Amino acid sequence: MGSPKEAAPYCMKGRDPQGVECTPWLKESDVERDLGVLVDKDLSFKNHVGHTTAKANRTLGIFRGTFDHLTPKTFVSLYKSLVRPALEYSHSVWQPRHRTLCTDLEDVQRQATRLIGSLKELPYPEHLASLKLPSLKHRRKRGDMIDVYKYVHRIYDTDRPVLHLFQGRDTRWNSLKLAKGH
């Protein structure tokens with residue numbers, strides 16, 4: 001058996017800032033950051049979620065060290081403004097495929113709700129109910145439904161083809177059922 005092929009280096013022809021023609025060589029990397037998302041070469045997004053959960057846990061550590069006693073109202077405003085946006089950023093890129101990564105993010109929220117002393121002994125769903133916070137899974141699903149609505153109603157300005165809608169009896173009088181392609 002032969003050894004696996006080495007990846008050929010990539011090159012681009014272009015001009016440097018002075019206008020001189022040059023050929024820069026591009027190196028292969030395992031992970032690249034694009035618009036704040038860590039994209040690895042096999043598209044597993046484990047690095048991105050690991051980085052995100054670590055960042056959220058550091059923020060929660062600051063909460064623990066700064067506040068002796070957190071009221072539910074203070075916690076909710078801090079959590080909604082500093083932690084949850086980091087956990088939810090770019091979920092539409094990786095979320096449909098990776099359920100285990102979703103549970104990693106949900107675990108951060110579960111631990112965050114334990115910062116409130118009066119809720120420590122309650123189960124997680126009761127934490128969320130008393131703080132009037134939805135689960136991250138619920139928020140992702142809601143966000144996806146909003147995106148589909150905007151896509152179907154052409155609110156998004158996009159070059160992608162329009163989703164096909166069923167028409168007629170098969171929809172039970174609902175004109176907005178999506179057609180499944182072959």
# chains A, B, ... in the order shown; residues from 1 in each chain; ligands from 1
call {"tool": "select_by_dssp", "arguments": {"residues": "segment 5-55 of chain A", "states": "helix (DSSP H, G or I)", "output": "list in words"}}
result
Lys46, Asn47, His48, Val49, Gly50, His51, Thr52, Thr53, Ala54 and Lys55 of chain A
call {"tool": "write_last_selection", "arguments": {"atoms": "C-alpha atoms", "output": "PDB file, in the first residue's frame"}}
result
ATOM      1  CA  LYS A  46     -16.467  20.760  17.685  1.00  0.00           C
ATOM      2  CA  ASN A  47     -13.789  23.440  17.962  1.00  0.00           C
ATOM      3  CA  HIS A  48     -16.364  26.201  17.559  1.00  0.00           C
ATOM      4  CA  VAL A  49     -18.721  24.827  20.206  1.00  0.00           C
ATOM      5  CA  GLY A  50     -15.816  24.080  22.547  1.00  0.00           C
ATOM      6  CA  HIS A  51     -14.543  27.648  22.162  1.00  0.00           C
ATOM      7  CA  THR A  52     -18.060  29.040  22.633  1.00  0.00           C
ATOM      8  CA  THR A  53     -18.790  27.028  25.780  1.00  0.00           C
ATOM      9  CA  ALA A  54     -15.395  27.935  27.252  1.00  0.00           C
ATOM     10  CA  LYS A  55     -16.065  31.623  26.602  1.00  0.00           C
TER      11      LYS A  55
END
call {"tool": "select_by_dssp", "arguments": {"residues": "segment 24-160 of chain A", "states": "strand (DSSP E or B)", "output": "MDAnalysis selection string"}}
result
chainID A and resid 25:26 31:34 37:40
call {"tool": "closest_residue", "arguments": {"among": "A:Pro72, A:Lys27, A:Ile62, A:Arg140", "to": "Arg114 of chain A", "atoms": "only C-alpha atoms"}}
result
A:Pro72
call {"tool": "residues_around", "arguments": {"residues": "Lys41 of chain A", "least_positions_apart": "3", "cutoff": "9 Å", "atoms": "only C-alpha atoms", "output": "PyMOL selection string"}}
result
chain A and resi 29-32+44
call {"tool": "write_last_selection", "arguments": {"atoms": "N, CA and C atoms", "output": "JSON list (two decimals), in the first residue's frame"}}
result
[["chain", "number", "residue", "atom", "x", "y", "z"],
["A", 29, "SER", "N", -4.74, 24.49, 6.72],
["A", 29, "SER", "CA", -4.88, 24.55, 8.17],
["A", 29, "SER", "C", -6.06, 23.68, 8.60],
["A", 30, "ASP", "N", -6.03, 23.28, 9.86],
["A", 30, "ASP", "CA", -7.10, 22.43, 10.38],
["A", 30, "ASP", "C", -8.35, 23.23, 10.73],
["A", 31, "VAL", "N", -8.17, 24.47, 11.19],
["A", 31, "VAL", "CA", -9.29, 25.29, 11.63],
["A", 31, "VAL", "C", -9.10, 26.71, 11.12],
["A", 32, "GLU", "N", -10.17, 27.29, 10.63],
["A", 32, "GLU", "CA", -10.16, 28.69, 10.20],
["A", 32, "GLU", "C", -11.33, 29.41, 10.84],
["A", 44, "SER", "N", -16.99, 19.49, 11.51],
["A", 44, "SER", "CA", -17.63, 18.93, 12.70],
["A", 44, "SER", "C", -18.05, 20.03, 13.67]]
call {"tool": "atom_distance", "arguments": {"atom1": "atom CA of Val39 of chain A", "atom2": "atom CA of Arg58 of chain A"}}
result
21.8 Å
call {"tool": "atom_distance", "arguments": {"atom1": "atom CA of Val83 of chain A", "atom2": "atom CA of Ala56 of chain A"}}
result
5.5 Å
call {"tool": "residues_around", "arguments": {"residues": "Lys80 of chain A", "least_positions_apart": "4", "cutoff": "12 Å", "atoms": "only C-alpha atoms", "output": "ChimeraX atom specification"}}
result
/A:56,60,72-76,84-88,109,112-113,131-134,136
call {"tool": "write_last_selection", "arguments": {"atoms": "N, CA and C atoms", "output": "PDB file, in the first residue's frame"}}
result
ATOM      1  N   ALA A  56     -18.356  31.190  27.319  1.00  0.00           N
ATOM      2  CA  ALA A  56     -19.545  31.395  28.155  1.00  0.00           C
ATOM      3  C   ALA A  56     -19.257  31.018  29.606  1.00  0.00           C
ATOM      4  N   LEU A  60     -19.507  33.279  32.997  1.00  0.00           N
ATOM      5  CA  LEU A  60     -20.223  32.859  34.207  1.00  0.00           C
ATOM      6  C   LEU A  60     -19.304  32.867  35.425  1.00  0.00           C
ATOM      7  N   PRO A  72     -32.812  36.899  40.770  1.00  0.00           N
ATOM      8  CA  PRO A  72     -33.228  36.366  39.472  1.00  0.00           C
ATOM      9  C   PRO A  72     -33.292  37.432  38.377  1.00  0.00           C
ATOM     10  N   LYS A  73     -33.766  38.626  38.726  1.00  0.00           N
ATOM     11  CA  LYS A  73     -33.882  39.688  37.730  1.00  0.00           C
ATOM     12  C   LYS A  73     -32.501  40.114  37.218  1.00  0.00           C
ATOM     13  N   THR A  74     -31.551  40.274  38.124  1.00  0.00           N
ATOM     14  CA  THR A  74     -30.187  40.650  37.729  1.00  0.00           C
ATOM     15  C   THR A  74     -29.553  39.552  36.895  1.00  0.00           C
ATOM     16  N   PHE A  75     -29.722  38.300  37.344  1.00  0.00           N
ATOM     17  CA  PHE A  75     -29.153  37.183  36.600  1.00  0.00           C
ATOM     18  C   PHE A  75     -29.695  37.132  35.182  1.00  0.00           C
ATOM     19  N   VAL A  76     -31.007  37.245  35.035  1.00  0.00           N
ATOM     20  CA  VAL A  76     -31.618  37.139  33.707  1.00  0.00           C
ATOM     21  C   VAL A  76     -31.102  38.239  32.785  1.00  0.00           C
ATOM     22  N   ARG A  84     -26.015  34.346  26.669  1.00  0.00           N
ATOM     23  CA  ARG A  84     -26.865  33.706  25.643  1.00  0.00           C
ATOM     24  C   ARG A  84     -26.511  34.114  24.220  1.00  0.00           C
ATOM     25  N   PRO A  85     -26.191  35.370  23.925  1.00  0.00           N
ATOM     26  CA  PRO A  85     -25.811  35.689  22.534  1.00  0.00           C
ATOM     27  C   PRO A  85     -24.604  34.889  22.054  1.00  0.00           C
ATOM     28  N   ALA A  86     -23.643  34.652  22.945  1.00  0.00           N
ATOM     29  CA  ALA A  86     -22.473  33.855  22.557  1.00  0.00           C
ATOM     30  C   ALA A  86     -22.870  32.413  22.273  1.00  0.00           C
ATOM     31  N   LEU A  87     -23.796  31.864  23.064  1.00  0.00           N
ATOM     32  CA  LEU A  87     -24.214  30.472  22.869  1.00  0.00           C
ATOM     33  C   LEU A  87     -25.047  30.294  21.603  1.00  0.00           C
ATOM     34  N   GLU A  88     -25.769  31.325  21.199  1.00  0.00           N
ATOM     35  CA  GLU A  88     -26.669  31.192  20.062  1.00  0.00           C
ATOM     36  C   GLU A  88     -26.058  31.624  18.735  1.00  0.00           C
ATOM     37  N   GLN A 109     -26.180  26.572  29.893  1.00  0.00           N
ATOM     38  CA  GLN A 109     -27.341  27.273  30.441  1.00  0.00           C
ATOM     39  C   GLN A 109     -27.820  26.595  31.720  1.00  0.00           C
ATOM     40  N   ALA A 112     -25.603  27.703  34.415  1.00  0.00           N
ATOM     41  CA  ALA A 112     -25.786  29.124  34.676  1.00  0.00           C
ATOM     42  C   ALA A 112     -26.981  29.363  35.594  1.00  0.00           C
ATOM     43  N   THR A 113     -28.051  28.622  35.387  1.00  0.00           N
ATOM     44  CA  THR A 113     -29.243  28.838  36.213  1.00  0.00           C
ATOM     45  C   THR A 113     -29.023  28.400  37.659  1.00  0.00           C
ATOM     46  N   LEU A 131     -37.497  31.453  35.909  1.00  0.00           N
ATOM     47  CA  LEU A 131     -36.785  32.604  35.357  1.00  0.00           C
ATOM     48  C   LEU A 131     -37.411  33.121  34.055  1.00  0.00           C
ATOM     49  N   LYS A 132     -38.435  32.406  33.594  1.00  0.00           N
ATOM     50  CA  LYS A 132     -39.106  32.737  32.328  1.00  0.00           C
ATOM     51  C   LYS A 132     -38.121  32.748  31.164  1.00  0.00           C
ATOM     52  N   LEU A 133     -37.240  31.729  31.163  1.00  0.00           N
ATOM     53  CA  LEU A 133     -36.276  31.549  30.082  1.00  0.00           C
ATOM     54  C   LEU A 133     -36.650  30.293  29.297  1.00  0.00           C
ATOM     55  N   PRO A 134     -36.675  30.349  27.976  1.00  0.00           N
ATOM     56  CA  PRO A 134     -36.874  29.123  27.209  1.00  0.00           C
ATOM     57  C   PRO A 134     -35.560  28.351  27.092  1.00  0.00           C
ATOM     58  N   LEU A 136     -32.479  26.532  25.154  1.00  0.00           N
ATOM     59  CA  LEU A 136     -31.768  26.933  23.936  1.00  0.00           C
ATOM     60  C   LEU A 136     -32.278  26.147  22.735  1.00  0.00           C
TER      61      LEU A 136
END
call {"tool": "closest_residue", "arguments": {"among": "A:Glu121, A:Asp40, A:Asp68, A:Asp104", "to": "Glu28 of chain A", "atoms": "only C-alpha atoms"}}
result
A:Asp40
call {"tool": "closest_residue", "arguments": {"among": "A:Thr103, A:Ser92, A:Asn57, A:Gln111", "to": "Lys137 of chain A", "atoms": "only C-alpha atoms"}}
result
A:Thr103
call {"tool": "residues_around", "arguments": {"residues": "Asp147 of chain A", "least_positions_apart": "5", "cutoff": "9 Å", "atoms": "only C-alpha atoms", "output": "PyMOL selection string"}}
result
chain A and resi 142+152+156
call {"tool": "write_last_selection", "arguments": {"atoms": "N, CA, C and O atoms", "output": "PDB file, in the first residue's frame"}}
result
ATOM      1  N   ARG A 142     -37.279  27.921  17.167  1.00  0.00           N
ATOM      2  CA  ARG A 142     -38.060  29.121  16.861  1.00  0.00           C
ATOM      3  C   ARG A 142     -37.340  29.980  15.822  1.00  0.00           C
ATOM      4  O   ARG A 142     -37.948  30.479  14.882  1.00  0.00           O
ATOM      5  N   VAL A 152     -39.752  31.770   2.741  1.00  0.00           N
ATOM      6  CA  VAL A 152     -40.939  31.452   1.938  1.00  0.00           C
ATOM      7  C   VAL A 152     -41.634  32.720   1.470  1.00  0.00           C
ATOM      8  O   VAL A 152     -42.102  32.809   0.343  1.00  0.00           O
ATOM      9  N   TYR A 156     -36.224  37.638   2.826  1.00  0.00           N
ATOM     10  CA  TYR A 156     -34.782  37.623   2.609  1.00  0.00           C
ATOM     11  C   TYR A 156     -34.502  37.931   1.147  1.00  0.00           C
ATOM     12  O   TYR A 156     -35.134  37.375   0.256  1.00  0.00           O
TER      13      TYR A 156
END
call {"tool": "atom_distance", "arguments": {"atom1": "atom CA of Thr71 of chain A", "atom2": "atom CA of Leu115 of chain A"}}
result
9.5 Å
call {"tool": "residues_around", "arguments": {"residues": "Lys13 of chain A", "least_positions_apart": "2", "cutoff": "8 Å", "atoms": "only C-alpha atoms", "output": "list in words"}}
result
Cys11, Arg15, Glu21, Cys22, Thr23 and Pro24 of chain A
call {"tool": "closest_residue", "arguments": {"among": "A:Arg110, A:Gln18, A:Phe45, A:Gly143", "to": "Glu126 of chain A", "atoms": "only C-alpha atoms"}}
result
A:Arg110
call {"tool": "decode", "arguments": {"residues": "segment 102-146 of chain A", "atoms": "N, CA and C atoms", "output": "compact mmCIF listing (two decimals), in the first residue's frame"}}
result
# COMPACT_ATOMS: atom_id res chain seq x y z
N CYS A 102 -25.32 20.54 20.60
CA CYS A 102 -26.43 21.32 21.17
C CYS A 102 -26.55 21.05 22.66
N THR A 103 -26.36 19.81 23.08
CA THR A 103 -26.46 19.50 24.50
C THR A 103 -25.31 20.13 25.28
N ASP A 104 -24.14 20.27 24.64
CA ASP A 104 -23.03 20.94 25.32
C ASP A 104 -23.40 22.39 25.66
N LEU A 105 -24.06 23.05 24.71
CA LEU A 105 -24.48 24.44 24.94
C LEU A 105 -25.59 24.51 25.99
N GLU A 106 -26.51 23.56 25.92
CA GLU A 106 -27.61 23.54 26.90
C GLU A 106 -27.07 23.31 28.30
N ASP A 107 -25.98 22.53 28.43
CA ASP A 107 -25.36 22.31 29.73
C ASP A 107 -24.83 23.61 30.33
N VAL A 108 -24.35 24.51 29.48
CA VAL A 108 -23.87 25.80 29.99
C VAL A 108 -25.04 26.57 30.59
N GLN A 109 -26.18 26.57 29.89
CA GLN A 109 -27.34 27.27 30.44
C GLN A 109 -27.82 26.59 31.72
N ARG A 110 -27.77 25.28 31.75
CA ARG A 110 -28.19 24.54 32.96
C ARG A 110 -27.33 24.95 34.15
N GLN A 111 -26.02 25.03 33.93
CA GLN A 111 -25.13 25.41 35.03
C GLN A 111 -25.31 26.88 35.40
N ALA A 112 -25.60 27.70 34.42
CA ALA A 112 -25.79 29.12 34.68
C ALA A 112 -26.98 29.36 35.59
N THR A 113 -28.05 28.62 35.39
CA THR A 113 -29.24 28.84 36.21
C THR A 113 -29.02 28.40 37.66
N ARG A 114 -27.99 27.61 37.91
CA ARG A 114 -27.68 27.20 39.27
C ARG A 114 -27.00 28.29 40.08
N LEU A 115 -26.64 29.39 39.43
CA LEU A 115 -26.00 30.49 40.15
C LEU A 115 -26.94 31.16 41.13
N ILE A 116 -28.23 31.00 40.92
CA ILE A 116 -29.22 31.60 41.81
C ILE A 116 -29.46 30.64 42.96
N GLY A 117 -29.14 31.07 44.15
CA GLY A 117 -29.18 30.21 45.32
C GLY A 117 -30.54 29.59 45.59
N SER A 118 -31.61 30.34 45.37
CA SER A 118 -32.94 29.82 45.68
C SER A 118 -33.39 28.74 44.71
N LEU A 119 -32.70 28.59 43.57
CA LEU A 119 -33.12 27.60 42.57
C LEU A 119 -32.20 26.38 42.51
N LYS A 120 -31.15 26.34 43.32
CA LYS A 120 -30.15 25.28 43.21
C LYS A 120 -30.72 23.88 43.30
N GLU A 121 -31.67 23.67 44.17
CA GLU A 121 -32.18 22.32 44.41
C GLU A 121 -33.28 21.90 43.43
N LEU A 122 -33.79 22.82 42.64
CA LEU A 122 -34.87 22.50 41.70
C LEU A 122 -34.32 21.88 40.43
N PRO A 123 -35.13 21.08 39.74
CA PRO A 123 -34.68 20.54 38.45
C PRO A 123 -34.61 21.64 37.38
N TYR A 124 -33.85 21.38 36.34
CA TYR A 124 -33.58 22.36 35.29
C TYR A 124 -34.84 22.96 34.65
N PRO A 125 -35.85 22.15 34.28
CA PRO A 125 -37.05 22.77 33.68
C PRO A 125 -37.73 23.77 34.61
N GLU A 126 -37.68 23.52 35.92
CA GLU A 126 -38.26 24.46 36.87
C GLU A 126 -37.41 25.73 37.00
N HIS A 127 -36.09 25.59 36.83
CA HIS A 127 -35.22 26.78 36.78
C HIS A 127 -35.69 27.68 35.65
N LEU A 128 -35.85 27.09 34.47
CA LEU A 128 -36.24 27.87 33.30
C LEU A 128 -37.61 28.50 33.48
N ALA A 129 -38.54 27.74 34.04
CA ALA A 129 -39.90 28.25 34.22
C ALA A 129 -39.92 29.42 35.21
N SER A 130 -39.19 29.30 36.30
CA SER A 130 -39.21 30.37 37.29
C SER A 130 -38.49 31.63 36.79
N LEU A 131 -37.50 31.45 35.91
CA LEU A 131 -36.78 32.60 35.36
C LEU A 131 -37.41 33.12 34.05
N LYS A 132 -38.44 32.41 33.59
CA LYS A 132 -39.11 32.74 32.33
C LYS A 132 -38.12 32.75 31.16
N LEU A 133 -37.24 31.73 31.16
CA LEU A 133 -36.28 31.55 30.08
C LEU A 133 -36.65 30.29 29.30
N PRO A 134 -36.67 30.35 27.98
CA PRO A 134 -36.87 29.12 27.21
C PRO A 134 -35.56 28.35 27.09
N SER A 135 -35.65 27.09 26.78
CA SER A 135 -34.43 26.32 26.56
C SER A 135 -33.77 26.79 25.27
N LEU A 136 -32.48 26.53 25.15
CA LEU A 136 -31.77 26.93 23.94
C LEU A 136 -32.28 26.15 22.73
N LYS A 137 -32.68 24.90 22.96
CA LYS A 137 -33.23 24.09 21.87
C LYS A 137 -34.50 24.75 21.33
N HIS A 138 -35.35 25.22 22.24
CA HIS A 138 -36.59 25.90 21.82
C HIS A 138 -36.26 27.16 21.03
N ARG A 139 -35.29 27.93 21.50
CA ARG A 139 -34.94 29.16 20.80
C ARG A 139 -34.34 28.89 19.42
N ARG A 140 -33.55 27.82 19.30
CA ARG A 140 -33.00 27.47 17.97
C ARG A 140 -34.11 27.08 17.02
N LYS A 141 -35.04 26.27 17.51
CA LYS A 141 -36.16 25.83 16.67
C LYS A 141 -37.01 27.02 16.24
N ARG A 142 -37.28 27.92 17.17
CA ARG A 142 -38.06 29.12 16.86
C ARG A 142 -37.34 29.98 15.82
N GLY A 143 -36.03 30.15 15.99
CA GLY A 143 -35.25 30.93 15.03
C GLY A 143 -35.26 30.31 13.64
N ASP A 144 -35.19 28.97 13.59
CA ASP A 144 -35.26 28.29 12.29
C ASP A 144 -36.62 28.49 11.64
N MET A 145 -37.69 28.44 12.44
CA MET A 145 -39.02 28.65 11.87
C MET A 145 -39.19 30.07 11.36
N ILE A 146 -38.63 31.03 12.06
CA ILE A 146 -38.69 32.42 11.60
C ILE A 146 -37.92 32.56 10.29
